Number of protein chains: 2
Amino acid sequence: MRLVIARCSVDYTGRLNAHLPLATRLLVHKNDGSLLVHSDGGSYKPLNWMSPPCSLTREDPDEVDLEDGVIERWRVTHAKTGDALLVRIHEIVHDTAHDLGVDPGLIKDGVEADLQRLLAEQVSVVGENLTLVRREYPTAIGPVDLLLRNDDGPGTVAIEVKRRGDIDGVEQLTRYLELLNRDPLLAPVTGVFAAQEIKPQARVLATDRGIRCLTLDYDEMKGVQSGAPRLF
Amino acid sequence: MRLVIARCSVDYTGRLNAHLPLATRLLVHKNDGSLLVHSDGGSYKPLNWMSPPCSLTREDPDEVDLEDGVIERWRVTHAKTGDALLVRIHEIVHDTAHDLGVDPGLIKDGVEADLQRLLAEQVSVVGENLTLVRREYPTAIGPVDLLLRNDDGPGTVAIEVKRRGDIDGVEQLTRYLELLNRDPLLAPVTGVFAAQEIKPQARVLATDRGIRCLTLDYDEMKGVQSGAPRLF
DNA sequence: CTCTAGATCTCGAGG
DNA sequence: CCTCGAGGTCTAGAG
């Protein structure tokens with residue numbers, strides 16, 4: 001990894017065109033060829049960047065650049081799409097290289113998959129006399145998160161699990177319900193929209209379509225889960 | 001901006017929990033308090049991070065940490081959500097600080113808004129004998145990108161413009177059409193789904209609902225546009 | 001390989 | 001302040 005602090009301007013050409021006027025910025029050139037251009041603010045998204053696979057070549061400035069005070073140019077080209085980043089460097093303030101080695105990577109806990117797993121283990125949260133048929137129940141238009149069977153009679157419950165329940169999730173569940181209800185072995189299929197947080201618009205739409213909303217408490221559900229091994 | 005290369009482990013607690021085992025990484029501490037943890041690969045997304053507004057405090061390691069070889073700890077806490085990042089530093093390989101100043105920011109060209117503007121100026125691309133009523137035609141559930149009037153008779157055309165036409169866009173347009181067709185001054189309203197690239201599933205769904213798909217060529221449309229001033 | 005759906009999404013506009 | 005939609009989305013996982 002090479003770290004350069006430089007006064008530079010940047011032009012991107014690819015899926016769109018973008019231009020960064022001359023200013024002092026951090027350039028991170030990673031070992032895989034990728035380049036990040038960061039300012040001293042904003043969030044983790046760089047002002048401009050090139051993702052791997054790509055390669056960086058150093059160019060001499062042309063006459064116009066020389067008159068503007070450009071001392072060198074970096075051209076970073078994407079191997080497949082042809083997207084290109086051109087960095088015109090006017091001054092290098094700092095320049096160091098470091099060997100970091102391979103990173104062991106991130107371990108996560110609490111994403112949608114965890115919610116879905118917990119709810120599959122605790123179907124009583126959804127209602128009484130229900131049994132899990134399976135997680136990721138396959139259909140022609142994609143897998144339904146959870147499918148439950150009614151123990152007392154005919155009928156099935158399809159559940160869409162989200163961390164944040166938005167209008168898109170309701171649309172998704174609606175498409176599944178429409179399809180599943182054509183199957184005489186499953187019908188009638190009712191819908192449950194389960195999420196840690198459900199947006200008001202999503203709740204209105206769901207209710208209007210006869211879909212029940214269920215707010216989930218991840219920490220509580222994690223607490224109920226008995227002796228299973230924890231990640232940390 | 002402070003740049004540190006350090007052997008460290010990182011724990012995030014907030015909307016989820018995440019853990020990074022001990023390894024050598026780049027720590028970028030920005031002027032607004034935010035922190036990025038980067039490895040020497042992957043894309044522009046850091047392995048772990050904290051977004052502003054947040055603040056970093058240096059802590060002494062506890063006894064357990066000392067036995068593990070921790071020389072200092074950084075605790076980065078989000079001002080509002082309470083999300084926290086704890087960096088346990090075992091060794092500092094590099095440590096420099098730089099004054100970057102304020103960045104003038106990025107200038108873009110070719111995003112959805114540009115597509116929409118161009119199509120509004122070239123409604124003949126959609127079909128003959130059509131006139132633009134307005135862009136961003138307001139409805140109760142949000143603005144329709146473009147609304148056109150049929151010159152030869154009754155009826156209206158509602159257009160949803162996307163850079164990449166996905167299934168979500170078809171759903172969005174469907175909701176608009178349903179609503180607009182209740183208005184006797186506009187009905188019958190037909191739909192056109194216009195995008196630079198239309199995904200197969202989206203095309204199938206649109207066609208099934210009687211919505212016409214229209215693939216747009218941005219460069220060509222930009223070329224047609226006569227003497228208007230260009231960004232670069 | 002493609003395609004789908006989640007994300008500590010981020011970011012900006014509009015009410 | 002929140003909500004909504006776009007993004008050079010990125011990313012992981014399944015088919």
# chains A, B, ... in the order shown; residues from 1 in each chain; ligands from 1
$ interface_residues --of "chain C" --to "chain B" --cutoff "10 Å" --atoms "only C-alpha atoms (C1' of nucleotides)" --output "CSV table (one decimal) with C-alpha atoms (C1' of nucleotides), in the first residue's frame"
chain,number,residue,atom,x,y,z
C,3,DC,C1',-28.6,-12.3,-11.4
C,8,DT,C1',-23.2,-0.2,10.1
C,9,DC,C1',-25.2,1.1,2.8
$ interface_residues --of "chain D" --to "chain B" --cutoff "10 Å" --atoms "only C-alpha atoms (C1' of nucleotides)" --output "JSON list (two decimals) with N, CA, C and O atoms (P, O5', C5', C4', C3', O3' and C1' of nucleotides), in the first residue's frame"
[["chain", "number", "residue", "atom", "x", "y", "z"],
["D", 4, "DC", "P", -41.01, 7.25, 3.11],
["D", 4, "DC", "O5'", -40.45, 7.47, 1.63],
["D", 4, "DC", "C5'", -40.77, 8.69, 0.94],
["D", 4, "DC", "C4'", -39.75, 8.92, -0.16],
["D", 4, "DC", "C3'", -39.36, 7.65, -0.91],
["D", 4, "DC", "O3'", -39.64, 7.82, -2.29],
["D", 4, "DC", "C1'", -37.44, 8.91, -0.29],
["D", 6, "DA", "P", -34.95, 6.55, -8.29],
["D", 6, "DA", "O5'", -33.40, 6.92, -8.36],
["D", 6, "DA", "C5'", -33.00, 8.28, -8.50],
["D", 6, "DA", "C4'", -31.51, 8.43, -8.29],
["D", 6, "DA", "C3'", -30.66, 7.43, -9.07],
["D", 6, "DA", "O3'", -29.49, 8.09, -9.52],
["D", 6, "DA", "C1'", -30.23, 7.19, -6.78],
["D", 7, "DG", "P", -28.51, 7.38, -10.48],
["D", 7, "DG", "O5'", -27.32, 6.93, -9.52],
["D", 7, "DG", "C5'", -26.62, 7.89, -8.74],
["D", 7, "DG", "C4'", -25.53, 7.21, -7.92],
["D", 7, "DG", "C3'", -24.74, 6.15, -8.69],
["D", 7, "DG", "O3'", -23.37, 6.22, -8.31],
["D", 7, "DG", "C1'", -25.66, 5.18, -6.76],
["D", 8, "DG", "P", -22.51, 7.53, -8.79],
["D", 8, "DG", "O5'", -21.74, 6.92, -10.04],
["D", 8, "DG", "C5'", -22.43, 6.36, -11.12],
["D", 8, "DG", "C4'", -21.72, 5.14, -11.63],
["D", 8, "DG", "C3'", -21.73, 3.97, -10.65],
["D", 8, "DG", "O3'", -21.82, 2.73, -11.34],
["D", 8, "DG", "C1'", -19.50, 4.65, -11.05],
["D", 10, "DC", "P", -19.50, -0.01, -7.45],
["D", 10, "DC", "O5'", -19.22, -0.78, -6.07],
["D", 10, "DC", "C5'", -18.80, -0.04, -4.94],
["D", 10, "DC", "C4'", -18.96, -0.88, -3.68],
["D", 10, "DC", "C3'", -18.31, -2.27, -3.78],
["D", 10, "DC", "O3'", -17.69, -2.58, -2.55],
["D", 10, "DC", "C1'", -20.61, -2.50, -3.33],
["D", 11, "DT", "P", -16.71, -3.82, -2.49],
["D", 11, "DT", "O5'", -17.64, -5.00, -1.98],
["D", 11, "DT", "C5'", -18.38, -4.84, -0.78],
["D", 11, "DT", "C4'", -19.32, -6.02, -0.60],
["D", 11, "DT", "C3'", -18.73, -7.35, -1.05],
["D", 11, "DT", "O3'", -18.45, -8.15, 0.09],
["D", 11, "DT", "C1'", -21.02, -7.07, -1.73]]
$ select_by_dssp --residues "region 33-168 of chain B" --states "helix (DSSP H, G or I)" --output "ChimeraX atom specification"
/B:63-68,112-121,123-125,167-168
$ write_last_selection --atoms "C-alpha atoms" --output "compact mmCIF listing (two decimals), in the first residue's frame"
# COMPACT_ATOMS: atom_id res chain seq x y z
CA GLU B 63 -4.86 -5.75 32.26
CA VAL B 64 -6.14 -8.34 29.82
CA ASP B 65 -5.15 -6.12 26.89
CA LEU B 66 -1.68 -5.55 28.36
CA GLU B 67 -1.11 -9.30 28.55
CA ASP B 68 -2.12 -9.55 24.89
CA GLU B 112 -30.42 9.97 -14.04
CA ALA B 113 -31.31 13.65 -13.88
CA ASP B 114 -29.31 14.27 -17.08
CA LEU B 115 -31.07 11.39 -18.84
CA GLN B 116 -34.45 12.75 -17.80
CA ARG B 117 -33.59 16.25 -19.00
CA LEU B 118 -32.41 14.98 -22.38
CA LEU B 119 -35.50 12.80 -22.89
CA ALA B 120 -37.74 15.76 -21.99
CA GLU B 121 -36.02 17.71 -24.77
CA VAL B 123 -39.84 13.36 -26.69
CA SER B 124 -39.86 12.19 -30.31
CA VAL B 125 -37.61 9.36 -29.10
CA ILE B 167 -37.83 -4.58 -11.30
CA ASP B 168 -38.29 -1.88 -8.67
$ interface_residues --of "chain B" --to "chain A" --cutoff "6 Å" --atoms "only C-alpha atoms" --output "MDAnalysis selection string"
chainID B and resid 1 16:20 24 30:32 40:41 43 51 100 106:110
$ residues_around --residues "Thr207 (chain A)" --least-positions-apart "5" --cutoff "12 Å" --atoms "only C-alpha atoms (C1' of nucleotides)" --output "list in words"
Ile167, Val170, Thr174, Thr190, Gly191, Val192, Phe193, Ile198, Pro200, Gln201, Ala202, Arg212, Cys213 and Leu214 of chain A
$ residues_around --residues "Thr139 (chain B)" --least-positions-apart "5" --cutoff "9 Å" --atoms "only C-alpha atoms (C1' of nucleotides)" --output "list in words"
Val144, Tyr176, Leu179 and Leu180 of chain B
$ write_last_selection --atoms "all heavy atoms" --output "mmCIF file, in the first residue's frame"
data_model
loop_
_atom_site.group_PDB
_atom_site.id
_atom_site.type_symbol
_atom_site.label_atom_id
_atom_site.label_comp_id
_atom_site.auth_asym_id
_atom_site.auth_seq_id
_atom_site.Cartn_x
_atom_site.Cartn_y
_atom_site.Cartn_z
ATOM 1 N N VAL B 144 -44.049 11.755 -11.038
ATOM 2 C CA VAL B 144 -43.779 10.946 -12.229
ATOM 3 C C VAL B 144 -42.682 11.652 -13.023
ATOM 4 O O VAL B 144 -42.752 12.871 -13.227
ATOM 5 C CB VAL B 144 -45.050 10.815 -13.092
ATOM 6 C CG1 VAL B 144 -44.771 10.014 -14.350
ATOM 7 C CG2 VAL B 144 -46.160 10.181 -12.279
ATOM 8 N N TYR B 176 -47.810 4.430 -10.168
ATOM 9 C CA TYR B 176 -48.186 5.709 -10.758
ATOM 10 C C TYR B 176 -49.335 5.541 -11.745
ATOM 11 O O TYR B 176 -50.295 6.311 -11.750
ATOM 12 C CB TYR B 176 -46.989 6.340 -11.489
ATOM 13 C CG TYR B 176 -45.899 6.842 -10.575
ATOM 14 C CD1 TYR B 176 -44.557 6.685 -10.902
ATOM 15 C CD2 TYR B 176 -46.206 7.495 -9.379
ATOM 16 C CE1 TYR B 176 -43.556 7.157 -10.079
ATOM 17 C CE2 TYR B 176 -45.210 7.964 -8.548
ATOM 18 C CZ TYR B 176 -43.880 7.791 -8.907
ATOM 19 O OH TYR B 176 -42.891 8.251 -8.103
ATOM 20 N N LEU B 179 -52.704 5.042 -10.204
ATOM 21 C CA LEU B 179 -53.232 6.283 -9.642
ATOM 22 C C LEU B 179 -53.683 7.248 -10.745
ATOM 23 O O LEU B 179 -54.790 7.807 -10.704
ATOM 24 C CB LEU B 179 -52.154 6.944 -8.770
ATOM 25 C CG LEU B 179 -52.621 8.050 -7.841
ATOM 26 C CD1 LEU B 179 -53.476 7.471 -6.727
ATOM 27 C CD2 LEU B 179 -51.433 8.803 -7.259
ATOM 28 N N LEU B 180 -52.824 7.443 -11.752
ATOM 29 C CA LEU B 180 -53.116 8.413 -12.804
ATOM 30 C C LEU B 180 -54.357 8.023 -13.598
ATOM 31 O O LEU B 180 -55.111 8.892 -14.054
ATOM 32 C CB LEU B 180 -51.914 8.541 -13.753
ATOM 33 C CG LEU B 180 -50.637 9.156 -13.146
ATOM 34 C CD1 LEU B 180 -49.490 9.072 -14.145
ATOM 35 C CD2 LEU B 180 -50.873 10.604 -12.743
#
$ closest_residue --among "B:Val70, B:Val87, B:Val189, B:Ala195" --to "Arg175 (chain B)" --atoms "only C-alpha atoms"
B:Val189
